[in-house]
Amino acid sequence: MKDLIKGAYEEGIKFADEGVVADYIPELAKEDKSKAGVVLINKDGDIFEAGEVEKTFSIQSIVKVVAYLVALEEIDPERISEAIGVKPTALPFNSVLDVELGGGKPRNPYVNAGAMAVTGLLYEKFGDDTLDLVLNKVRDLADRDSIEVSESIYESERDTAFNNRAIFYMMVARGVFNEDMPVDKVANMYFRNCSILVNAKDLARISSVIANDGLDVVSGKRKFDEKYGRTLRTVMAMCGMYDNSGEFALKVGLPAKSGVGGGIISASPEGIGIGTYCPGLDEAGNSLVGQKMLEIITDELDLYIY
């Protein structure tokens, strides 16, 4: 396994120059796309790693999986289904048109509209306490209490988030949320969640817990009810790689979720969790090197779920 992970890293890093950093968020434009890392945790809790596995970066859209888990745990299922679908999309993750075509209802919880809707649902129940819910859940799943938010990345996202605010206002306009919803305030909570700093080790721990239906095989602690694992993985498989989810399913064949910060989490039903990092992205916003590494690992271990 050590040789496999090392080989996947060495082969994947060859594609680093082909990726493009997410320069529409000024702070992310500063990322070094030559940095990459990969961590795999097997069902016995053994950890294998290669590359820059302790370099921190913003979690970005991977946090949507964690936020969705919090919603599943805390919000009435009927209210969730009223506000958010579970359908794949062929449009970009930040598409205003996709929300409009859906009558204001986001296609799924892993696009921007869906994640903001999740934040809105949590705000309806918890108000200002919503701010720490997702951060604390990330800390718990990764088993690292020192995880924090990058204020510089948060401010960079907040100050350039015109498209995201338009999406949120459309959800209010179409009745998904009431007119008294403080859109800017709740949107800022979502931007803060995206600015949480993690590393590839953290992502592997989160992936492993999801792969094992809420059980942290490294610590032996249960992190969430086993009934949620299947839901998280199913939506990841359909929607986790944005409008490139179909192509990813063909090449890699595992439930996964990416973020424009360069991370990918991937959770095998066999109990294997994988976290990868490289900030160079493809045209859909997914880490190019991360996908290459996952493709090699999945093929070698025959992890395809299809």
# chains A, B, ... in the order shown; residues from 1 in each chain; ligands from 1
$ residues_around --residues "segment 43-60 of chain A" --least-positions-apart "6" --cutoff "9 Å" --atoms "only C-alpha atoms" --output "ChimeraX atom specification"
/A:1-2,5-10,28,31,35-37,149-150,153,191,193-204,208,211-212,216-220,258-263,270-273,276-277,279
$ select_by_dssp --residues "segment 13-252 of chain A" --states "alpha helix (DSSP H)" --output "PyMOL selection string"
chain A and resi 63-74+77-83+96-101+112-126+130-142+151-158+162-173+183-194+200-211+227-239+245-251
$ closest_residue --among "A:Ile274, A:Val138, A:Val176, A:Leu101" --to "Ile41 of chain A" --atoms "only C-alpha atoms"
A:Ile274
$ select_by_dssp --residues "segment 62-245 of chain A" --states "strand (DSSP E or B)" --output "ChimeraX atom specification"
/A:149,196-198,215,222
$ write_last_selection --atoms "N, CA and C atoms" --output "mmCIF file, in the first residue's frame"
data_model
loop_
_atom_site.group_PDB
_atom_site.id
_atom_site.type_symbol
_atom_site.label_atom_id
_atom_site.label_comp_id
_atom_site.auth_asym_id
_atom_site.auth_seq_id
_atom_site.Cartn_x
_atom_site.Cartn_y
_atom_site.Cartn_z
ATOM 1 N N VAL A 149 -10.742 28.959 10.959
ATOM 2 C CA VAL A 149 -11.135 29.649 9.735
ATOM 3 C C VAL A 149 -10.033 30.622 9.325
ATOM 4 N N ILE A 196 -12.688 27.403 6.092
ATOM 5 C CA ILE A 196 -12.061 26.565 7.120
ATOM 6 C C ILE A 196 -10.775 25.956 6.556
ATOM 7 N N LEU A 197 -9.704 26.009 7.339
ATOM 8 C CA LEU A 197 -8.406 25.496 6.894
ATOM 9 C C LEU A 197 -8.210 24.042 7.319
ATOM 10 N N VAL A 198 -7.911 23.189 6.348
ATOM 11 C CA VAL A 198 -7.681 21.763 6.589
ATOM 12 C C VAL A 198 -6.432 21.325 5.834
ATOM 13 N N LEU A 215 -18.342 5.744 11.831
ATOM 14 C CA LEU A 215 -17.359 5.226 12.774
ATOM 15 C C LEU A 215 -15.960 5.701 12.384
ATOM 16 N N ARG A 222 -17.569 6.706 17.559
ATOM 17 C CA ARG A 222 -18.652 6.933 16.588
ATOM 18 C C ARG A 222 -18.914 8.430 16.492
#
$ closest_residue --among "A:Met116, A:Glu157, A:Leu303, A:Ser287" --to "Ile13 of chain A" --atoms "only C-alpha atoms"
A:Ser287
$ residues_around --residues "Asn178 of chain A" --least-positions-apart "2" --cutoff "12 Å" --atoms "only C-alpha atoms" --output "list in words"
Ala83, Ala117, Gly120, Leu121, Glu124, Phe168, Tyr169, Met170, Met171, Val172, Ala173, Arg174, Gly175, Val176, Asp180, Met181, Pro182 and Val183 of chain A
$ write_last_selection --atoms "C-alpha atoms" --output "short mmCIF file (atom, residue, chain, number, x, y, z; two decimals), in the first residue's frame"
data_model
loop_
_atom_site.label_atom_id
_atom_site.label_comp_id
_atom_site.auth_asym_id
_atom_site.auth_seq_id
_atom_site.Cartn_x
_atom_site.Cartn_y
_atom_site.Cartn_z
CA ALA A 83 -35.78 23.38 0.16
CA ALA A 117 -29.88 26.62 1.44
CA GLY A 120 -30.39 28.88 5.71
CA LEU A 121 -32.18 25.84 7.14
CA GLU A 124 -33.97 28.98 10.80
CA PHE A 168 -29.57 33.31 -2.34
CA TYR A 169 -31.85 36.25 -3.15
CA MET A 170 -33.45 34.17 -5.89
CA MET A 171 -34.26 31.44 -3.38
CA VAL A 172 -35.99 34.07 -1.25
CA ALA A 173 -37.78 35.51 -4.29
CA ARG A 174 -39.11 32.08 -5.23
CA GLY A 175 -40.33 31.28 -1.72
CA VAL A 176 -37.76 28.70 -0.63
CA ASP A 180 -37.23 38.03 6.62
CA MET A 181 -34.24 35.75 6.00
CA PRO A 182 -31.11 37.93 6.55
CA VAL A 183 -29.48 36.90 3.28
#
$ residues_around --residues "Val65 of chain A" --least-positions-apart "3" --cutoff "7 Å" --atoms "only C-alpha atoms" --output "JSON, numbers by chain"
{"A": [62, 68, 69, 110, 232]}
$ residues_around --residues "segment 93-100 of chain A" --least-positions-apart "2" --cutoff "8 Å" --atoms "only C-alpha atoms" --output "CSV table (one decimal) with N, CA and C atoms, in the first residue's frame"
chain,number,residue,atom,x,y,z
A,89,THR,N,-26.6,17.9,-11.8
A,89,THR,CA,-26.8,19.1,-12.6
A,89,THR,C,-25.7,19.0,-13.7
A,91,LEU,N,-25.0,22.0,-15.2
A,91,LEU,CA,-24.6,23.3,-15.2
A,91,LEU,C,-23.5,23.6,-14.1
A,102,GLY,N,-34.9,25.6,-11.6
A,102,GLY,CA,-35.5,24.7,-10.6
A,102,GLY,C,-36.6,25.4,-9.8
A,103,GLY,N,-37.0,26.6,-10.2
A,103,GLY,CA,-38.0,27.3,-9.5
A,103,GLY,C,-37.6,27.8,-8.1
A,104,GLY,N,-36.3,28.1,-8.0
A,104,GLY,CA,-35.7,28.6,-6.8
A,104,GLY,C,-35.1,27.5,-5.9
A,105,LYS,N,-35.5,26.2,-6.2
A,105,LYS,CA,-35.0,25.1,-5.4
A,105,LYS,C,-33.7,24.6,-5.9
A,106,PRO,N,-32.6,24.6,-5.1
A,106,PRO,CA,-31.3,24.1,-5.6
A,106,PRO,C,-31.4,22.6,-6.0
A,107,ARG,N,-30.6,22.2,-7.0
A,107,ARG,CA,-30.6,20.8,-7.5
A,107,ARG,C,-30.2,19.8,-6.4
A,111,VAL,N,-24.0,21.8,-4.6
A,111,VAL,CA,-23.7,23.0,-5.4
A,111,VAL,C,-23.8,24.2,-4.5
A,112,ASN,N,-23.4,25.4,-4.9
A,112,ASN,CA,-23.4,26.6,-4.0
A,112,ASN,C,-24.8,26.9,-3.5
A,113,ALA,N,-25.8,26.9,-4.4
A,113,ALA,CA,-27.1,27.2,-4.0
A,113,ALA,C,-27.6,26.2,-2.9
A,163,ASN,N,-22.2,36.8,-7.2
A,163,ASN,CA,-23.0,35.7,-7.8
A,163,ASN,C,-23.7,34.9,-6.8
A,164,ASN,N,-23.0,34.5,-5.7
A,164,ASN,CA,-23.6,33.7,-4.7
A,164,ASN,C,-24.8,34.4,-4.0
A,166,ALA,N,-26.7,36.6,-5.4
A,166,ALA,CA,-27.8,36.6,-6.3
A,166,ALA,C,-28.6,35.3,-6.2
A,167,ILE,N,-27.8,34.2,-6.1
A,167,ILE,CA,-28.5,32.9,-6.0
A,167,ILE,C,-29.4,32.9,-4.7
A,170,MET,N,-32.5,34.8,-5.0
A,170,MET,CA,-33.4,34.2,-5.9
A,170,MET,C,-34.2,33.1,-5.1
A,171,MET,N,-33.5,32.4,-4.2
A,171,MET,CA,-34.3,31.4,-3.4
A,171,MET,C,-35.3,32.1,-2.5
A,242,TYR,N,-19.4,18.2,-9.2
A,242,TYR,CA,-20.1,19.2,-10.0
A,242,TYR,C,-20.6,18.7,-11.3
A,243,ASP,N,-20.5,19.5,-12.4
A,243,ASP,CA,-21.1,19.0,-13.7
A,243,ASP,C,-20.2,18.0,-14.3
$ closest_residue --among "A:Lys14, A:Leu122, A:Lys64, A:Gly19" --to "Asn286 of chain A" --atoms "only C-alpha atoms"
A:Gly19
$ atom_distance --atom1 "atom CA of Thr130 of chain A" --atom2 "atom CA of Tyr190 of chain A"
9.8 Å
$ closest_residue --among "A:Asp32, A:Asn188, A:Glu148, A:Leu40" --to "Met293 of chain A" --atoms "only C-alpha atoms"
A:Leu40
$ residues_around --residues "Leu131 of chain A" --least-positions-apart "4" --cutoff "9 Å" --atoms "only C-alpha atoms" --output "ChimeraX atom specification"
/A:123,127,135,186,189-190,192-193
$ residues_around --residues "Asp17 of chain A" --least-positions-apart "3" --cutoff "8 Å" --atoms "only C-alpha atoms" --output "PyMOL selection string"
chain A and resi 14+20+33-34+280
$ atom_distance --atom1 "atom CA of Pro269 of chain A" --atom2 "atom CA of Ile206 of chain A"
13.9 Å
$ atom_distance --atom1 "atom CA of Thr298 of chain A" --atom2 "atom CA of Ile147 of chain A"
28.9 Å
$ closest_residue --among "A:Leu250, A:Lys221, A:Arg79, A:Phe126" --to "Asp143 of chain A" --atoms "only C-alpha atoms"
A:Lys221
$ decode --residues "segment 173-264 of chain A" --atoms "C-alpha atoms" --output "mmCIF file, in the first residue's frame"
data_model
loop_
_atom_site.group_PDB
_atom_site.id
_atom_site.type_symbol
_atom_site.label_atom_id
_atom_site.label_comp_id
_atom_site.auth_asym_id
_atom_site.auth_seq_id
_atom_site.Cartn_x
_atom_site.Cartn_y
_atom_site.Cartn_z
ATOM 1 C CA ALA A 173 -37.784 35.514 -4.287
ATOM 2 C CA ARG A 174 -39.109 32.075 -5.230
ATOM 3 C CA GLY A 175 -40.329 31.284 -1.718
ATOM 4 C CA VAL A 176 -37.762 28.697 -0.632
ATOM 5 C CA PHE A 177 -37.039 31.028 2.296
ATOM 6 C CA ASN A 178 -39.134 33.766 3.880
ATOM 7 C CA GLU A 179 -38.498 37.412 3.076
ATOM 8 C CA ASP A 180 -37.232 38.027 6.616
ATOM 9 C CA MET A 181 -34.241 35.753 5.997
ATOM 10 C CA PRO A 182 -31.106 37.929 6.548
ATOM 11 C CA VAL A 183 -29.478 36.896 3.281
ATOM 12 C CA ASP A 184 -26.156 38.701 3.673
ATOM 13 C CA LYS A 185 -25.705 37.458 7.228
ATOM 14 C CA VAL A 186 -26.458 33.836 6.399
ATOM 15 C CA ALA A 187 -24.437 33.956 3.166
ATOM 16 C CA ASN A 188 -21.462 35.183 5.183
ATOM 17 C CA MET A 189 -21.837 32.143 7.446
ATOM 18 C CA TYR A 190 -21.565 29.959 4.358
ATOM 19 C CA PHE A 191 -18.467 31.838 3.161
ATOM 20 C CA ARG A 192 -16.845 31.333 6.573
ATOM 21 C CA ASN A 193 -17.528 27.609 6.368
ATOM 22 C CA CYS A 194 -15.801 27.472 2.993
ATOM 23 C CA SER A 195 -12.775 29.254 4.508
ATOM 24 C CA ILE A 196 -12.061 26.565 7.120
ATOM 25 C CA LEU A 197 -8.406 25.496 6.894
ATOM 26 C CA VAL A 198 -7.681 21.763 6.589
ATOM 27 C CA ASN A 199 -4.964 19.502 5.248
ATOM 28 C CA ALA A 200 -4.959 16.206 3.358
ATOM 29 C CA LYS A 201 -4.782 14.258 6.622
ATOM 30 C CA ASP A 202 -7.947 15.981 7.840
ATOM 31 C CA LEU A 203 -9.721 15.151 4.593
ATOM 32 C CA ALA A 204 -8.714 11.497 4.843
ATOM 33 C CA ARG A 205 -10.082 11.310 8.389
ATOM 34 C CA ILE A 206 -13.373 12.853 7.272
ATOM 35 C CA SER A 207 -13.488 10.516 4.268
ATOM 36 C CA SER A 208 -12.815 7.499 6.449
ATOM 37 C CA VAL A 209 -15.655 8.336 8.845
ATOM 38 C CA ILE A 210 -18.069 8.725 5.929
ATOM 39 C CA ALA A 211 -16.814 5.490 4.360
ATOM 40 C CA ASN A 212 -17.429 3.651 7.630
ATOM 41 C CA ASP A 213 -20.946 5.015 8.220
ATOM 42 C CA GLY A 214 -19.978 7.359 11.029
ATOM 43 C CA LEU A 215 -17.359 5.226 12.774
ATOM 44 C CA ASP A 216 -13.870 6.702 13.130
ATOM 45 C CA VAL A 217 -11.765 3.570 12.694
ATOM 46 C CA VAL A 218 -8.617 5.420 13.791
ATOM 47 C CA SER A 219 -9.935 6.467 17.219
ATOM 48 C CA GLY A 220 -12.687 3.887 17.563
ATOM 49 C CA LYS A 221 -15.255 6.613 18.274
ATOM 50 C CA ARG A 222 -18.652 6.933 16.588
ATOM 51 C CA LYS A 223 -19.080 10.371 15.010
ATOM 52 C CA PHE A 224 -22.596 10.104 13.572
ATOM 53 C CA ASP A 225 -25.482 7.669 13.197
ATOM 54 C CA GLU A 226 -24.723 4.987 10.645
ATOM 55 C CA LYS A 227 -27.923 5.706 8.690
ATOM 56 C CA TYR A 228 -26.451 8.972 7.346
ATOM 57 C CA GLY A 229 -23.360 7.450 5.731
ATOM 58 C CA ARG A 230 -25.244 5.916 2.837
ATOM 59 C CA THR A 231 -27.088 9.183 2.141
ATOM 60 C CA LEU A 232 -23.883 11.227 2.110
ATOM 61 C CA ARG A 233 -22.104 8.782 -0.205
ATOM 62 C CA THR A 234 -25.048 8.469 -2.588
ATOM 63 C CA VAL A 235 -25.325 12.205 -3.138
ATOM 64 C CA MET A 236 -21.541 12.440 -3.400
ATOM 65 C CA ALA A 237 -21.577 9.815 -6.152
ATOM 66 C CA MET A 238 -24.227 11.675 -8.151
ATOM 67 C CA CYS A 239 -23.305 15.293 -7.483
ATOM 68 C CA GLY A 240 -19.962 15.574 -5.705
ATOM 69 C CA MET A 241 -17.777 16.537 -8.657
ATOM 70 C CA TYR A 242 -20.100 19.242 -9.997
ATOM 71 C CA ASP A 243 -21.080 19.008 -13.654
ATOM 72 C CA ASN A 244 -18.179 16.606 -14.198
ATOM 73 C CA SER A 245 -19.639 13.961 -11.862
ATOM 74 C CA GLY A 246 -20.503 11.591 -14.705
ATOM 75 C CA GLU A 247 -17.011 11.604 -16.161
ATOM 76 C CA PHE A 248 -15.531 11.141 -12.696
ATOM 77 C CA ALA A 249 -17.822 8.158 -12.090
ATOM 78 C CA LEU A 250 -16.503 6.519 -15.255
ATOM 79 C CA LYS A 251 -12.826 7.133 -14.463
ATOM 80 C CA VAL A 252 -12.731 6.752 -10.684
ATOM 81 C CA GLY A 253 -16.037 5.180 -9.709
ATOM 82 C CA LEU A 254 -16.188 6.295 -6.065
ATOM 83 C CA PRO A 255 -18.364 8.719 -4.085
ATOM 84 C CA ALA A 256 -16.336 11.929 -3.833
ATOM 85 C CA LYS A 257 -16.583 15.649 -3.161
ATOM 86 C CA SER A 258 -14.211 18.301 -4.384
ATOM 87 C CA GLY A 259 -13.506 21.903 -3.445
ATOM 88 C CA VAL A 260 -11.926 24.727 -5.422
ATOM 89 C CA GLY A 261 -9.291 24.996 -2.704
ATOM 90 C CA GLY A 262 -7.801 21.855 -4.274
ATOM 91 C CA GLY A 263 -9.066 19.131 -1.975
ATOM 92 C CA ILE A 264 -11.068 15.990 -2.715
#
